[in-house]
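K.L.:
My structure is stored as input-v3.txt, with compact mmCIF, C-alpha atoms and all ligand atoms.
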```
# COMPACT_ATOMS: atom_id res chain seq x y z
CA MET A 1 46.75 21.58 150.76
CA THR A 2 46.57 23.71 153.87
CA ARG A 3 50.29 23.19 154.45
CA THR A 4 51.62 23.82 150.96
CA LEU A 5 49.77 27.05 150.32
CA PRO A 6 51.74 29.28 152.75
CA LEU A 7 54.97 27.70 151.50
CA LEU A 8 54.19 28.64 147.92
CA LEU A 9 53.38 32.17 149.01
CA THR A 10 56.71 32.45 150.81
CA LEU A 11 58.63 31.18 147.80
CA ALA A 12 56.89 33.62 145.51
CA GLY A 13 57.70 36.40 147.97
CA CYS A 14 61.39 35.53 148.10
CA SER A 15 61.98 35.15 144.39
CA GLY A 16 60.55 38.57 143.66
CA GLY A 17 57.25 37.35 142.25
CA GLN A 18 56.20 38.30 138.74
CA LEU A 19 58.91 38.05 136.05
CA LEU A 20 59.30 41.23 134.01
CA ALA A 21 58.28 40.75 130.38
CA LEU A 22 60.62 42.84 128.22
CA ASP A 23 58.98 44.66 125.36
CA LEU A 24 61.00 43.27 122.42
CA PRO A 25 60.16 42.68 118.77
CA ALA A 26 59.21 38.99 118.48
CA GLU A 27 62.19 38.01 116.31
CA LEU A 28 64.80 39.43 118.68
CA PRO A 29 66.28 37.42 121.56
CA GLY A 30 66.35 38.82 125.08
CA PRO A 31 69.54 39.47 127.05
CA VAL A 32 71.08 36.69 129.14
CA VAL A 33 69.60 36.74 132.67
CA PRO A 34 71.68 35.10 135.41
CA GLU A 35 69.93 32.19 137.12
CA ASP A 36 70.60 33.60 140.57
CA ASN A 37 69.12 37.02 139.77
CA PRO A 38 65.89 36.60 137.80
CA LEU A 39 64.50 39.68 136.12
CA THR A 40 61.40 40.40 138.18
CA GLU A 41 59.13 43.41 138.33
CA ALA A 42 60.02 43.81 141.99
CA SER A 43 63.82 43.72 141.50
CA VAL A 44 63.63 46.20 138.63
CA ALA A 45 61.42 48.56 140.68
CA LEU A 46 63.91 48.43 143.54
CA GLY A 47 66.84 48.96 141.16
CA GLN A 48 65.10 51.93 139.57
CA ARG A 49 64.78 53.74 142.89
CA LEU A 50 68.36 52.95 143.90
CA PHE A 51 69.71 54.14 140.54
CA TYR A 52 68.34 57.64 141.10
CA ASP A 53 69.13 57.82 144.83
CA THR A 54 72.17 59.66 146.24
CA ARG A 55 71.62 57.88 149.58
CA LEU A 56 73.30 54.81 148.02
CA SER A 57 76.64 56.66 147.90
CA GLY A 58 78.89 56.74 150.99
CA ASP A 59 78.44 60.45 151.66
CA ASP A 60 74.92 60.81 150.24
CA ALA A 61 76.62 62.84 147.49
CA ILE A 62 76.04 61.27 144.09
CA ALA A 63 73.94 58.56 142.48
CA CYS A 64 74.32 56.31 139.46
CA VAL A 65 72.30 58.91 137.55
CA THR A 66 74.96 61.57 138.24
CA CYS A 67 77.19 59.90 135.64
CA HIS A 68 74.50 58.12 133.60
CA LEU A 69 72.00 60.76 132.46
CA PRO A 70 68.71 59.56 130.97
CA GLU A 71 68.57 62.41 128.42
CA HIS A 72 71.93 61.20 127.08
CA ALA A 73 70.76 57.60 126.82
CA PHE A 74 72.34 57.19 130.30
CA ALA A 75 75.81 58.37 129.19
CA ASP A 76 77.68 61.36 130.65
CA PRO A 77 78.17 64.48 128.47
CA ARG A 78 81.47 65.15 130.28
CA PRO A 79 84.59 63.53 128.73
CA VAL A 80 85.19 61.73 132.03
CA SER A 81 82.94 61.69 135.10
CA ILE A 82 83.65 62.90 138.63
CA GLY A 83 83.28 60.54 141.60
CA ALA A 84 81.87 61.27 145.06
CA HIS A 85 85.24 62.50 146.36
CA GLY A 86 85.96 64.70 143.35
CA ASP A 87 88.22 62.24 141.53
CA PRO A 88 87.88 61.94 137.76
CA THR A 89 87.11 58.52 136.28
CA VAL A 90 89.68 57.11 133.88
CA ARG A 91 87.13 56.60 131.11
CA ASN A 92 84.05 58.14 129.54
CA SER A 93 80.78 56.91 131.03
CA PRO A 94 78.90 54.89 128.38
CA GLY A 95 75.18 54.84 127.68
CA LEU A 96 73.22 52.02 129.30
CA ILE A 97 70.34 51.35 126.91
CA ASN A 98 70.85 47.78 125.58
CA ALA A 99 74.10 47.46 127.59
CA ALA A 100 72.76 44.04 128.66
CA TYR A 101 73.61 42.71 125.18
CA TYR A 102 77.37 43.23 125.48
CA ALA A 103 79.47 40.08 125.90
CA THR A 104 81.59 41.89 128.50
CA MET A 105 81.00 44.96 130.66
CA SER A 106 83.09 48.15 130.60
CA TRP A 107 85.34 49.44 127.82
CA ALA A 108 88.02 46.79 128.17
CA SER A 109 87.47 44.06 130.81
CA PRO A 110 87.47 40.63 129.14
CA SER A 111 86.35 38.68 132.22
CA LEU A 112 83.52 40.91 133.52
CA THR A 113 80.64 39.17 131.78
CA ARG A 114 77.87 39.94 134.28
CA ILE A 115 76.49 43.39 135.04
CA GLU A 116 76.33 42.39 138.71
CA ASP A 117 80.07 41.67 138.85
CA PHE A 118 80.89 44.95 137.13
CA LEU A 119 78.77 46.98 139.57
CA LEU A 120 81.18 46.23 142.42
CA LEU A 121 83.51 48.78 140.77
CA PRO A 122 81.30 51.90 140.85
CA MET A 123 79.80 50.92 144.20
CA PHE A 124 82.86 49.84 146.16
CA GLY A 125 85.91 50.72 144.05
CA ASP A 126 88.55 53.12 145.34
CA ASP A 127 90.64 53.77 142.22
CA PRO A 128 89.01 56.22 141.68
CA VAL A 129 86.22 56.42 144.23
CA GLU A 130 82.87 56.60 142.40
CA MET A 131 79.96 55.92 144.80
CA GLY A 132 82.36 55.60 147.76
CA ILE A 133 80.41 52.96 149.73
CA THR A 134 83.49 51.14 151.07
CA GLY A 135 83.97 51.98 154.75
CA ARG A 136 80.50 53.57 154.86
CA GLU A 137 78.46 50.38 154.44
CA ASP A 138 76.62 50.72 157.76
CA ALA A 139 75.66 54.33 157.10
CA VAL A 140 74.31 53.46 153.67
CA LEU A 141 72.32 50.50 155.00
CA ALA A 142 70.91 52.61 157.84
CA ARG A 143 69.71 55.20 155.35
CA LEU A 144 67.97 52.57 153.28
CA GLU A 145 66.43 50.95 156.37
CA ASP A 146 65.10 54.30 157.62
CA ASP A 147 63.39 55.06 154.33
CA GLU A 148 59.63 54.63 154.16
CA ARG A 149 59.75 52.64 150.91
CA TYR A 150 62.94 50.55 150.79
CA PRO A 151 62.18 47.88 153.43
CA ALA A 152 59.04 46.81 151.55
CA LEU A 153 60.71 47.07 148.14
CA PHE A 154 63.63 44.86 149.26
CA ARG A 155 61.30 42.36 150.90
CA LYS A 156 59.20 42.07 147.77
CA ALA A 157 62.24 41.66 145.50
CA TYR A 158 64.55 39.47 147.58
CA GLY A 159 63.10 38.82 151.05
CA GLU A 160 64.81 39.86 154.30
CA PRO A 161 67.20 41.48 155.14
CA ILE A 162 68.20 44.62 153.27
CA SER A 163 71.78 44.17 152.02
CA LEU A 164 74.16 45.91 149.66
CA GLU A 165 74.53 42.67 147.72
CA ARG A 166 70.81 42.74 147.06
CA ALA A 167 71.00 46.42 146.16
CA ARG A 168 73.67 45.53 143.59
CA ASP A 169 71.51 42.71 142.20
CA ALA A 170 68.51 45.04 141.89
CA LEU A 171 70.64 47.59 140.04
CA GLY A 172 71.81 44.76 137.77
CA SER A 173 68.17 43.94 137.01
CA PHE A 174 67.33 47.59 136.38
CA VAL A 175 70.21 48.03 133.90
CA ARG A 176 69.32 44.72 132.23
CA SER A 177 65.74 45.91 131.78
CA LEU A 178 66.84 48.96 129.75
CA VAL A 179 66.39 47.34 126.35
CA SER A 180 64.75 48.99 123.37
CA PHE A 181 64.61 48.48 119.60
CA ASP A 182 62.38 51.31 118.48
CA SER A 183 64.67 53.59 116.42
CA PRO A 184 63.78 54.68 112.86
CA TYR A 185 66.40 52.12 111.72
CA ASP A 186 64.52 49.35 113.58
CA HIS A 187 61.22 50.47 112.10
CA TYR A 188 62.79 50.20 108.66
CA THR A 189 64.59 46.87 109.09
CA LEU A 190 62.42 44.98 111.59
CA LEU A 191 58.98 46.31 110.74
CA GLY A 192 59.58 46.95 107.05
CA GLU A 193 58.29 50.52 107.22
CA GLN A 194 59.74 51.97 104.01
CA ASP A 195 59.20 55.58 105.12
CA ALA A 196 60.91 55.17 108.48
CA LEU A 197 64.26 56.24 106.96
CA THR A 198 64.86 59.21 104.65
CA GLU A 199 66.69 58.66 101.34
CA SER A 200 69.85 60.12 102.87
CA GLU A 201 69.62 57.79 105.89
CA LYS A 202 69.13 54.80 103.57
CA ARG A 203 72.20 55.75 101.55
CA GLY A 204 74.13 56.16 104.80
CA MET A 205 73.00 52.69 105.90
CA ASP A 206 74.29 51.16 102.67
CA LEU A 207 77.65 52.89 103.18
CA PHE A 208 77.80 51.75 106.80
CA PHE A 209 77.34 48.13 105.73
CA SER A 210 79.66 48.41 102.71
CA GLU A 211 83.16 46.94 102.31
CA LYS A 212 84.52 50.38 101.50
CA PHE A 213 83.64 51.89 104.88
CA GLU A 214 83.96 48.65 106.91
CA CYS A 215 81.91 49.93 109.90
CA HIS A 216 79.68 46.85 110.05
CA HIS A 217 82.55 44.46 110.83
CA CYS A 218 82.77 45.93 114.31
CA HIS A 219 79.41 47.69 114.71
CA GLY A 220 77.08 45.19 112.96
CA GLY A 221 74.24 42.90 114.03
CA MET A 222 71.22 43.63 116.20
CA HIS A 223 73.37 45.37 118.84
CA LEU A 224 75.47 47.35 116.33
CA SER A 225 78.51 46.03 118.20
CA ARG A 226 80.36 42.80 117.58
CA SER A 227 80.60 42.41 121.34
CA LEU A 228 77.37 40.47 121.77
CA SER A 229 75.62 38.04 124.07
CA HIS A 230 71.97 37.05 124.18
CA GLU A 231 69.78 34.18 125.29
CA ARG A 232 69.98 32.31 121.96
CA LEU A 233 73.74 32.60 121.49
CA ALA A 234 75.67 29.52 122.68
CA HIS A 235 78.96 31.43 122.85
CA ALA A 236 79.08 35.15 123.48
CA SER A 237 81.11 37.12 120.94
CA ILE A 238 83.83 38.88 122.94
CA ALA A 239 85.54 41.64 120.97
CA PHE A 240 88.15 44.39 121.41
CA ASP A 241 89.77 46.50 118.70
CA ASN A 242 92.38 49.20 118.33
CA THR A 243 91.14 52.02 116.09
CA GLY A 244 94.40 53.97 115.93
CA LEU A 245 93.48 56.85 118.25
CA TYR A 246 97.02 57.27 119.60
CA GLU A 247 100.52 56.42 118.45
CA ALA A 248 101.21 55.58 122.10
CA TYR A 249 98.12 55.24 124.30
CA PRO A 250 98.28 57.41 127.47
CA PHE A 251 99.95 55.32 130.17
CA ASN A 252 96.99 55.54 132.58
CA ASP A 253 94.81 53.43 130.25
CA LEU A 254 96.17 50.92 127.76
CA GLY A 255 92.84 49.19 127.08
CA LEU A 256 92.75 45.39 126.95
CA TYR A 257 96.49 45.40 127.77
CA GLU A 258 95.53 46.38 131.35
CA SER A 259 94.06 42.87 131.76
CA THR A 260 96.33 40.74 129.59
CA GLY A 261 99.73 42.47 129.62
CA ARG A 262 100.15 41.55 125.93
CA PRO A 263 101.64 44.37 123.81
CA ALA A 264 99.32 43.36 120.93
CA ASP A 265 96.36 44.33 123.17
CA GLU A 266 97.45 47.93 123.71
CA GLY A 267 94.69 50.37 122.78
CA ARG A 268 92.11 47.66 122.17
CA TYR A 269 88.64 48.56 123.44
CA ARG A 270 85.20 47.00 123.11
CA PRO A 271 83.42 48.37 120.01
CA PRO A 272 80.57 50.44 121.44
CA SER A 273 77.05 49.82 120.22
CA LEU A 274 76.14 52.76 118.01
CA ARG A 275 72.52 52.84 119.19
CA ASN A 276 71.74 56.35 120.48
CA VAL A 277 75.21 57.50 119.46
CA ALA A 278 73.87 60.96 118.55
CA LEU A 279 73.07 61.46 122.26
CA THR A 280 76.22 60.10 123.87
CA ALA A 281 78.94 62.65 122.94
CA PRO A 282 81.80 63.01 123.64
CA TYR A 283 83.12 59.84 122.05
CA MET A 284 85.64 57.03 122.50
CA HIS A 285 86.83 55.38 125.72
CA ASP A 286 88.30 58.64 127.04
CA GLY A 287 85.76 61.08 125.63
CA SER A 288 88.56 62.64 123.58
CA VAL A 289 86.52 63.13 120.39
CA ASP A 290 83.80 65.80 120.59
CA THR A 291 81.58 65.16 117.58
CA LEU A 292 80.43 62.44 115.21
CA GLU A 293 81.88 64.47 112.32
CA GLU A 294 85.32 64.18 113.94
CA VAL A 295 84.85 60.44 114.51
CA LEU A 296 84.15 59.97 110.80
CA THR A 297 87.18 62.04 109.83
CA ILE A 298 89.37 59.81 112.00
CA TYR A 299 88.05 56.68 110.27
CA ALA A 300 88.46 58.27 106.83
CA ASP A 301 92.09 59.04 107.70
CA GLY A 302 92.65 55.48 108.96
CA GLY A 303 93.40 56.66 112.51
CA ARG A 304 93.97 59.93 114.39
CA VAL A 305 96.90 62.26 113.94
CA LEU A 306 97.46 64.53 116.95
CA SER A 307 99.82 67.35 116.01
CA SER A 308 100.12 68.90 119.48
CA GLY A 309 99.53 68.20 123.17
CA PRO A 310 100.92 65.56 125.53
CA HIS A 311 99.81 62.69 123.28
CA ALA A 312 100.92 64.10 119.94
CA GLY A 313 101.63 61.39 117.42
CA ASP A 314 100.35 59.42 114.47
CA GLY A 315 97.73 56.89 115.63
CA ARG A 316 97.56 55.46 112.12
CA ALA A 317 100.96 53.89 112.77
CA HIS A 318 99.97 51.98 115.91
CA PRO A 319 101.12 48.37 115.47
CA ALA A 320 97.96 46.93 117.10
CA LYS A 321 95.56 48.89 114.87
CA SER A 322 92.81 46.77 113.30
CA ALA A 323 93.16 45.85 109.62
CA PHE A 324 89.59 47.15 109.15
CA VAL A 325 90.65 50.73 109.98
CA ILE A 326 92.51 51.54 106.78
CA GLY A 327 90.94 54.83 105.72
CA PHE A 328 88.78 55.70 102.73
CA ASP A 329 87.93 58.55 100.39
CA ALA A 330 84.43 59.87 100.93
CA THR A 331 82.53 62.67 99.23
CA GLU A 332 80.78 65.32 101.31
CA GLN A 333 77.49 63.73 100.35
CA GLU A 334 78.66 60.34 101.62
CA PHE A 335 79.79 61.91 104.90
CA SER A 336 76.46 63.58 105.49
CA ASP A 337 74.55 60.41 104.55
CA LEU A 338 76.59 58.36 107.01
CA LEU A 339 75.95 60.96 109.72
CA ALA A 340 72.24 60.94 108.94
CA PHE A 341 72.24 57.16 109.33
CA LEU A 342 74.01 57.35 112.71
CA ARG A 343 71.39 59.86 113.88
CA ALA A 344 68.62 57.47 112.80
CA LEU A 345 69.83 55.04 115.48
CA THR A 346 68.34 57.21 118.22
CA ASP A 347 65.66 55.64 120.40
CA VAL A 348 64.84 56.90 123.84
CA SER A 349 61.19 55.81 123.83
CA LEU A 350 62.07 53.86 126.97
CA LEU A 351 62.41 57.09 128.95
CA ASP A 352 58.65 57.63 128.82
CA GLU A 353 58.08 54.42 130.75
CA GLU A 354 57.31 54.84 134.41
CA ARG A 355 59.53 51.89 135.36
CA VAL A 356 62.56 53.72 133.91
CA SER A 357 62.15 57.42 134.72
CA ASN A 358 63.21 59.18 137.91
CA PRO A 359 60.84 58.03 140.70
CA PHE A 360 61.74 61.05 142.85
CA GLU A 361 60.45 63.49 140.24
CA ARG A 362 56.84 62.35 140.25
C1 LIG B 401 81.43 58.75 139.00
C2 LIG B 401 80.69 58.38 137.81
C3 LIG B 401 79.95 57.07 137.80
C4 LIG B 401 79.05 56.61 138.73
C5 LIG B 401 78.63 57.25 140.03
C6 LIG B 401 78.54 55.37 138.20
N1 LIG B 401 79.11 55.09 136.99
FE1 LIG B 401 78.67 53.53 135.78
N2 LIG B 401 80.22 53.99 134.60
C7 LIG B 401 81.03 55.09 134.75
C8 LIG B 401 82.17 54.96 133.87
C9 LIG B 401 83.32 55.96 133.72
C10 LIG B 401 82.03 53.73 133.22
C11 LIG B 401 83.03 53.08 132.23
C12 LIG B 401 83.96 52.24 133.08
C13 LIG B 401 85.03 51.52 132.29
O1 LIG B 401 84.81 51.17 131.15
O2 LIG B 401 86.11 51.27 132.85
C14 LIG B 401 80.78 53.16 133.69
C15 LIG B 401 80.26 51.95 133.24
C16 LIG B 401 79.06 51.42 133.68
C17 LIG B 401 78.46 50.20 133.17
C18 LIG B 401 79.02 49.34 132.06
C19 LIG B 401 78.35 49.70 130.77
C20 LIG B 401 78.98 49.03 129.58
O3 LIG B 401 78.66 49.44 128.46
O4 LIG B 401 79.80 48.12 129.75
C21 LIG B 401 77.31 49.98 133.88
C22 LIG B 401 76.33 48.84 133.70
C23 LIG B 401 77.20 51.05 134.84
N3 LIG B 401 78.29 51.90 134.69
C24 LIG B 401 76.18 51.17 135.75
C25 LIG B 401 76.26 52.00 136.86
C26 LIG B 401 75.39 51.91 138.01
C27 LIG B 401 74.21 50.96 138.17
C28 LIG B 401 75.81 52.85 138.91
C29 LIG B 401 75.31 53.11 140.31
C30 LIG B 401 75.61 52.06 141.26
C31 LIG B 401 76.94 53.53 138.28
N4 LIG B 401 77.19 52.99 137.06
C32 LIG B 401 77.60 54.60 138.86
C33 LIG B 401 80.80 56.16 135.59
C34 LIG B 401 79.99 56.09 136.71
C1 LIG B 402 88.01 47.44 113.79
C2 LIG B 402 86.69 47.63 114.33
C3 LIG B 402 85.98 48.93 114.02
C4 LIG B 402 85.64 49.46 112.79
C5 LIG B 402 85.95 48.89 111.42
C6 LIG B 402 84.88 50.66 113.07
N1 LIG B 402 84.79 50.86 114.41
FE1 LIG B 402 83.90 52.40 115.30
N2 LIG B 402 84.68 51.83 117.10
C7 LIG B 402 85.42 50.69 117.31
C8 LIG B 402 85.99 50.73 118.64
C9 LIG B 402 86.85 49.66 119.28
C10 LIG B 402 85.61 51.96 119.20
C11 LIG B 402 86.06 52.50 120.55
C12 LIG B 402 87.51 52.94 120.40
C13 LIG B 402 88.10 53.63 121.61
O1 LIG B 402 87.34 54.13 122.43
O2 LIG B 402 89.33 53.70 121.71
C14 LIG B 402 84.76 52.62 118.21
C15 LIG B 402 84.12 53.83 118.40
C16 LIG B 402 83.22 54.38 117.49
C17 LIG B 402 82.38 55.52 117.76
C18 LIG B 402 82.28 56.25 119.09
C19 LIG B 402 81.13 55.68 119.87
C20 LIG B 402 81.12 56.03 121.31
O3 LIG B 402 80.11 55.72 121.97
O4 LIG B 402 82.09 56.60 121.84
C21 LIG B 402 81.65 55.75 116.63
C22 LIG B 402 80.61 56.84 116.42
C23 LIG B 402 82.07 54.79 115.65
N3 LIG B 402 83.02 53.96 116.20
C24 LIG B 402 81.56 54.71 114.35
C25 LIG B 402 82.14 53.93 113.36
C26 LIG B 402 81.88 54.09 111.95
C27 LIG B 402 80.87 55.06 111.36
C28 LIG B 402 82.67 53.20 111.30
C29 LIG B 402 82.86 53.03 109.81
C30 LIG B 402 83.37 54.19 109.14
C31 LIG B 402 83.42 52.48 112.32
N4 LIG B 402 83.07 52.96 113.56
C32 LIG B 402 84.33 51.46 112.08
C33 LIG B 402 85.60 49.68 116.40
C34 LIG B 402 85.46 49.84 115.03
```
Please render this file's structure as structure tokens.

P.N.:
Amino acid sequence: MTRTLPLLLTLAGCSGGQLLALDLPAELPGPVVPEDNPLTEASVALGQRLFYDTRLSGDDAIACVTCHLPEHAFADPRPVSIGAHGDPTVRNSPGLINAAYYATMSWASPSLTRIEDFLLLPMFGDDPVEMGITGREDAVLARLEDDERYPALFRKAYGEPISLERARDALGSFVRSLVSFDSPYDHYTLLGEQDALTESEKRGMDLFFSEKFECHHCHGGMHLSRSLSHERLAHASIAFDNTGLYEAYPFNDLGLYESTGRPADEGRYRPPSLRNVALTAPYMHDGSVDTLEEVLTIYADGGRVLSSGPHAGDGRAHPAKSAFVIGFDATEQEFSDLLAFLRALTDVSLLDEERVSNPFER
């Protein structure tokens, strides 16, 4: 007895102690958690602090939160974001609430299935530089070591020593912990609260799930995206579609084609979850659509026609366009009902939780 007790204490200390219990409706599965990075209260607390901390970037210039703003459901209101050295990102920064349920991370990377693997890009990538840690690793580590809180937070979450790999894992845990199903739509469907949606929102929901509008084929299910993984799914549903935004996609980003080199994959992107979509403008992988009204017009037309500018052309004619994007006639009433439904997918209740909000603003 006297010999096993300290051992148990050490093990508990190294594995980050208490597992974090996610606040999910009973019938919904949790996200997949990698075996080598359990979701613990300590790792999430460490990840939370790192997420809001500019000291994690090479030049102490920007933080994750610079491009993932809580008030926009952790998306960026700029069409593309700007990295630590002033370089624009290729794509629009997506929201992070419920991102843990995607089968793959980023707009179009079929093999990046774990948040932890994806995070190497913003942290260490140089095309473009985002956080700009590469070449500045020692400076970043020294800053974390000199802080009054980090050494204890790291020790509690992962044991000694402080490392950037552990910082990445903690950020993975933090992002994975950002799950929430508390929108008016959830209150209506999961909790059966008949008054949670207005009549207009209910009509919009029926249109959304109808065969005329086709939205649900790509934005259906609990995640409102057909790209889905969770703890009860034996095989994740990996998905990418071309919605006819361009006749020829701009050469700097050809979507899934960038990974596969197959012409049929040009312009195919992961269908975004539509949760919180009212907060995450501008839209699409390159932030090239300003409003939800414009998004709906594009779908009604069966693709986007650009009459001027460097990418002028008829996106409806793209050979890789999905057969579900064929266009439809909609009345003004139907348009406004569909918009009302999309706005009823908003849920930022999570932001009130202390484990999510900015720890430097308390
Ligand atoms: C300079 C702006 C910028 C910074 C800084 C940044 N991100 Fe991002 N983030 C983006 C962009 C742009 C994308 C979309 C990338 C793509 O699809 O190719 C993205 C995507 C993501 C995704 C994938 C979400 C999804 O739906 O697949 C996660 C997770 C993420 N970022 C977390 C973080 C974390 C954690 C940090 C801090 C270490 C961070 N980001 C720093 C701009 C940024
Ligand atoms: C064939 C699959 C498919 C269908 C059908 C579809 N979408 Fe999409 N949706 C996507 C993909 C893929 C994107 C991202 C495209 C891109 O960025 O190039 C997207 C993007 C969006 C966006 C922008 C979200 C964001 O975060 O940028 C909204 C809003 C949206 N769709 C709503 C709808 C609605 C409403 C319908 C029905 C009228 C619909 N979609 C039908 C696949 C689909």

K.L.:
Let me make sure I understand: among A:Arg268, A:Arg226, A:Arg91, A:His187, which one has the smallest atom-to-atom distance to A:Asn252 if we use only C-alpha atoms?

P.N.:
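Closest residue, counting only C-alpha atoms: A:Arg91.
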
K.L.:
Per residue of chain A within 6 Å of ligand LIG 401 (chain B), which atom pair is closest and at what distance in Å (one decimal), using only C-alpha atoms and all ligand atoms, listed by chain and increasing number, as JSON lines?

P.N.:
```
{"residue": "A:Phe51", "atom": "CA", "partner": "B:LIG401", "partner_atom": "C29", "distance": 5.7}
{"residue": "A:Ala63", "atom": "CA", "partner": "B:LIG401", "partner_atom": "C5", "distance": 5.5}
{"residue": "A:Cys64", "atom": "CA", "partner": "B:LIG401", "partner_atom": "C29", "distance": 3.5}
{"residue": "A:Thr66", "atom": "CA", "partner": "B:LIG401", "partner_atom": "C5", "distance": 5.9}
{"residue": "A:Cys67", "atom": "CA", "partner": "B:LIG401", "partner_atom": "C2", "distance": 4.4}
{"residue": "A:Ser81", "atom": "CA", "partner": "B:LIG401", "partner_atom": "C2", "distance": 4.8}
{"residue": "A:Ile82", "atom": "CA", "partner": "B:LIG401", "partner_atom": "C1", "distance": 4.7}
{"residue": "A:Gly83", "atom": "CA", "partner": "B:LIG401", "partner_atom": "C1", "distance": 3.7}
{"residue": "A:Thr89", "atom": "CA", "partner": "B:LIG401", "partner_atom": "C9", "distance": 5.2}
{"residue": "A:Arg91", "atom": "CA", "partner": "B:LIG401", "partner_atom": "C9", "distance": 4.7}
{"residue": "A:Asn92", "atom": "CA", "partner": "B:LIG401", "partner_atom": "C9", "distance": 4.8}
{"residue": "A:Ser93", "atom": "CA", "partner": "B:LIG401", "partner_atom": "C8", "distance": 3.7}
{"residue": "A:Pro94", "atom": "CA", "partner": "B:LIG401", "partner_atom": "O3", "distance": 5.5}
{"residue": "A:Leu96", "atom": "CA", "partner": "B:LIG401", "partner_atom": "C19", "distance": 5.8}
{"residue": "A:Ala99", "atom": "CA", "partner": "B:LIG401", "partner_atom": "O3", "distance": 5.0}
{"residue": "A:Met105", "atom": "CA", "partner": "B:LIG401", "partner_atom": "O4", "distance": 3.5}
{"residue": "A:Ser106", "atom": "CA", "partner": "B:LIG401", "partner_atom": "O4", "distance": 3.4}
{"residue": "A:Trp107", "atom": "CA", "partner": "B:LIG401", "partner_atom": "O1", "distance": 3.8}
{"residue": "A:Ile115", "atom": "CA", "partner": "B:LIG401", "partner_atom": "C22", "distance": 5.6}
{"residue": "A:Pro122", "atom": "CA", "partner": "B:LIG401", "partner_atom": "C32", "distance": 5.0}
{"residue": "A:Met123", "atom": "CA", "partner": "B:LIG401", "partner_atom": "C30", "distance": 5.2}
{"residue": "A:Glu130", "atom": "CA", "partner": "B:LIG401", "partner_atom": "C1", "distance": 4.3}
{"residue": "A:Met131", "atom": "CA", "partner": "B:LIG401", "partner_atom": "C5", "distance": 5.1}
{"residue": "A:Leu171", "atom": "CA", "partner": "B:LIG401", "partner_atom": "C27", "distance": 5.3}
```

K.L.:
Skip A:Phe335 itself and residues of its chain fewer than 3 positions away, then list as a short mmCIF file (atom, residue, chain, number, x, y, z; two decimals) with C-alpha atoms, keeping the file's coordinate frame all residues within 9 Å of it, counting all atoms listed in the file.

P.N.:
```
data_model
loop_
_atom_site.label_atom_id
_atom_site.label_comp_id
_atom_site.auth_asym_id
_atom_site.auth_seq_id
_atom_site.Cartn_x
_atom_site.Cartn_y
_atom_site.Cartn_z
CA GLY A 204 74.13 56.16 104.80
CA GLU A 293 81.88 64.47 112.32
CA LEU A 296 84.15 59.97 110.80
CA THR A 297 87.18 62.04 109.83
CA ALA A 330 84.43 59.87 100.93
CA THR A 331 82.53 62.67 99.23
CA GLU A 332 80.78 65.32 101.31
CA LEU A 338 76.59 58.36 107.01
CA LEU A 339 75.95 60.96 109.72
CA ALA A 340 72.24 60.94 108.94
#
```

K.L.:
What box, with edges along x, y and z, holds each listed atom of stretch 168-182 of chain A when 8 Å is added on every side, and can you state its centre and edge lengths in Å to one decimal, as AutoDock Vina command-line options?

P.N.:
```
--center_x 68.0 --center_y 47.0 --center_z 131.0 --size_x 27.3 --size_y 24.6 --size_z 41.1
```

K.L.:
With all atoms listed in the file counted and 7 Å as the cut-off, give the residues of chain A in contact with ligand LIG 402 (chain B), each with its shortest interatomic distance in Å and the pair that gives it, as a Markdown table.

P.N.:
```
| residue | atom | partner | partner_atom | distance |
| --- | --- | --- | --- | --- |
| A:Pro94 | CA | B:LIG402 | O3 | 6.6 |
| A:Phe208 | CA | B:LIG402 | C29 | 6.0 |
| A:Phe213 | CA | B:LIG402 | C30 | 4.8 |
| A:Glu214 | CA | B:LIG402 | C5 | 4.9 |
| A:Cys215 | CA | B:LIG402 | C29 | 3.2 |
| A:His216 | CA | B:LIG402 | C5 | 6.7 |
| A:His217 | CA | B:LIG402 | C5 | 5.6 |
| A:Cys218 | CA | B:LIG402 | C2 | 4.3 |
| A:His219 | CA | B:LIG402 | N1 | 6.3 |
| A:Phe240 | CA | B:LIG402 | C9 | 5.8 |
| A:Asp241 | CA | B:LIG402 | C9 | 4.3 |
| A:Asn242 | CA | B:LIG402 | C9 | 5.6 |
| A:Thr243 | CA | B:LIG402 | C12 | 5.7 |
| A:Leu245 | CA | B:LIG402 | O2 | 6.3 |
| A:Gly267 | CA | B:LIG402 | O2 | 6.4 |
| A:Arg268 | CA | B:LIG402 | C9 | 6.3 |
| A:Tyr269 | CA | B:LIG402 | C9 | 4.7 |
| A:Arg270 | CA | B:LIG402 | C9 | 4.9 |
| A:Pro271 | CA | B:LIG402 | C9 | 3.7 |
| A:Pro272 | CA | B:LIG402 | O3 | 5.3 |
| A:Ser273 | CA | B:LIG402 | O3 | 6.9 |
| A:Leu274 | CA | B:LIG402 | C19 | 6.1 |
| A:Val277 | CA | B:LIG402 | O3 | 5.8 |
| A:Thr280 | CA | B:LIG402 | O3 | 6.2 |
| A:Ala281 | CA | B:LIG402 | O4 | 6.9 |
| A:Pro282 | CA | B:LIG402 | O4 | 6.7 |
| A:Tyr283 | CA | B:LIG402 | O4 | 3.4 |
| A:Met284 | CA | B:LIG402 | O1 | 3.4 |
| A:His285 | CA | B:LIG402 | O1 | 3.6 |
| A:Asp286 | CA | B:LIG402 | O1 | 6.5 |
| A:Gly287 | CA | B:LIG402 | O4 | 6.9 |
| A:Leu292 | CA | B:LIG402 | C22 | 5.7 |
| A:Val295 | CA | B:LIG402 | C22 | 5.9 |
| A:Leu296 | CA | B:LIG402 | C27 | 5.9 |
| A:Tyr299 | CA | B:LIG402 | C30 | 5.4 |
| A:Ala300 | CA | B:LIG402 | C30 | 6.9 |
| A:Ser322 | CA | B:LIG402 | C1 | 4.9 |
| A:Ala323 | CA | B:LIG402 | C1 | 6.8 |
| A:Phe324 | CA | B:LIG402 | C5 | 4.6 |
| A:Val325 | CA | B:LIG402 | C5 | 5.2 |
| A:Leu338 | CA | B:LIG402 | C27 | 6.9 |
```
